[in-house]
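Take a look at the structure set out below.
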Amino acid sequence: RGVSLVSTPNAAHIALDDFGSSGIFARTTSLSGVNANVNVLAKLKNDSKADGSFTVQATLLEADGTTIKQTGRSTAVVIKAGTAASVAQDLAVNNAHLWNGLADPYLYKLVVELKDNNGASVDKVVHNFGIRQMSFDPDKGFILNGKSVPLHGVNMHQDRLGKAWAISKADTDESFSFIKEIGANTLRLAHYPHADYTYEQADKLGVVVWAENALVNSTGVTKLIDPESTGFAANARQQLTELIRQQYNHASIGMWSIANEVTGGTDASNNVQALFKSLNALAKAEDPGRMTTIPNQATLNGDIIIPDKL
């Protein structure tokens, strides 16, 4: 994985200590035809010893990175010394160019700036951002921007023969070329968070992603182990929080998977139910707009475990 050192020349900045996130969280909250509302949340920090007055402004640029599509109103905020704050803005985007999967994976540039009281920019974050809405219907299946789109997909790991996990961007590109060749439009990233580059490429290519937490197999369900008292459950929740916050803005991600094949059997004394419920509640609190999933064969009283029905 690549490693970056991020520094801010100003004491006030967009948050850098939020579980590895960029401090910016954007999502399409409503879509009517091609008219959309995009909510942008900015988390802020003031590490100085003095209170400061600032403004936050979100701007949506076309894919060329220069043409302005929509500019949000400038929102004033006072950040007290040594504290954090957050600002939410809504961008009303008329005649939006939607992210439409393989057919048209259009990406805007979302720019969020923190400015001082003189209007000078003191920090800025730029994300690729696709305007789209995803949902699931029991009769129509997967719905993208109001239209039913059948999902056909594969799993992908981040390893290669002779390289293990030390893969290159070219290796990832080749994997995506295979996915395109077989006609798949959906990708399950098994069984852990993948490199940022992988999510970025999925955005650009229009592949719908199932992003998965690194909780795998029967590691947390033994009757003799209490995942809460040992810290196991807390670690699983932290990893899920990191996954969601770091990858929140990717247009391609349609599902958060909270675990994989953590089989608990039918014994009522197993501890997997409480852990699943904990992780599912966390995912819904972090991101209520996306489906939660789990590939699992565990049953309790004969019912298949589906987090959204727990």
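Note on naming: chains are A, B, ... as they come in the structure tokens, residues start from 1 per chain, ligands start from 1 in the order shown.
Close contacts of range 109-119 of chain A, defined as residues with an atom at most 6 Å away when counting only C-alpha atoms, with chain neighbours fewer than 4 positions off set aside, comprise Ser53, Phe54, Thr55, Val56, Gln57, Ala58, Thr59, Leu60, Leu61, Gly65, Asp123, Lys124, Val125, Val126, His127, Asn128 and Phe129 of chain A.
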Got a sec: who's within 12 Å of Ser175 in chain A, counting only C-alpha atoms, leaving out chain neighbours fewer than 5 positions off, as an MDAnalysis selection string?
chainID A and resid 154:160 167:170 180:182 184 187 189 198 201:202
In range 80-198 of chain A, DSSP alpha helix (DSSP H) residues written as a list in words:
Lys169, Ala170, Asp171, Thr172, Asp173, Glu174, Ser175, Phe176, Ser177, Phe178, Ile179, Lys180, Glu181, Asp196, Tyr197 and Thr198 of chain A
Set the distance at 9 Å and use only C-alpha atoms: which residues neighbour Gln238 in chain A once local chain neighbours fewer than 5 positions away are removed? I'd like the list as a short mmCIF file (atom, residue, chain, number, x, y, z; two decimals) with C-alpha atoms, in the first residue's frame.
data_model
loop_
_atom_site.label_atom_id
_atom_site.label_comp_id
_atom_site.auth_asym_id
_atom_site.auth_seq_id
_atom_site.Cartn_x
_atom_site.Cartn_y
_atom_site.Cartn_z
CA PHE A 19 -10.23 7.11 11.55
CA ALA A 233 -15.60 -6.98 19.23
CA LEU A 243 -13.67 1.13 6.26
#
Need to verify the contact set: Met134 in chain A, 7 Å, only C-alpha atoms, exclusion of same-chain residues closer than 5 positions in sequence. Can you return it as a PyMOL selection string?
chain A and resi 143-145+254
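Closest approach to Val40 in chain A from the set A:Gln133, A:Gln246, A:Gln89, A:Asn213 is made by A:Gln89, with distances taken over only C-alpha atoms.
With only C-alpha atoms as the atoms that count, the residue of A:Leu282, A:Glu62, A:Ser32, A:Ala84 with the shortest distance to Ala11 in chain A is A:Ala84.
Distances here use only C-alpha atoms; by that measure, the residue among A:Leu41, A:Val216, A:Ala285, A:Ala211 closest to Ile24 in chain A is A:Leu41.
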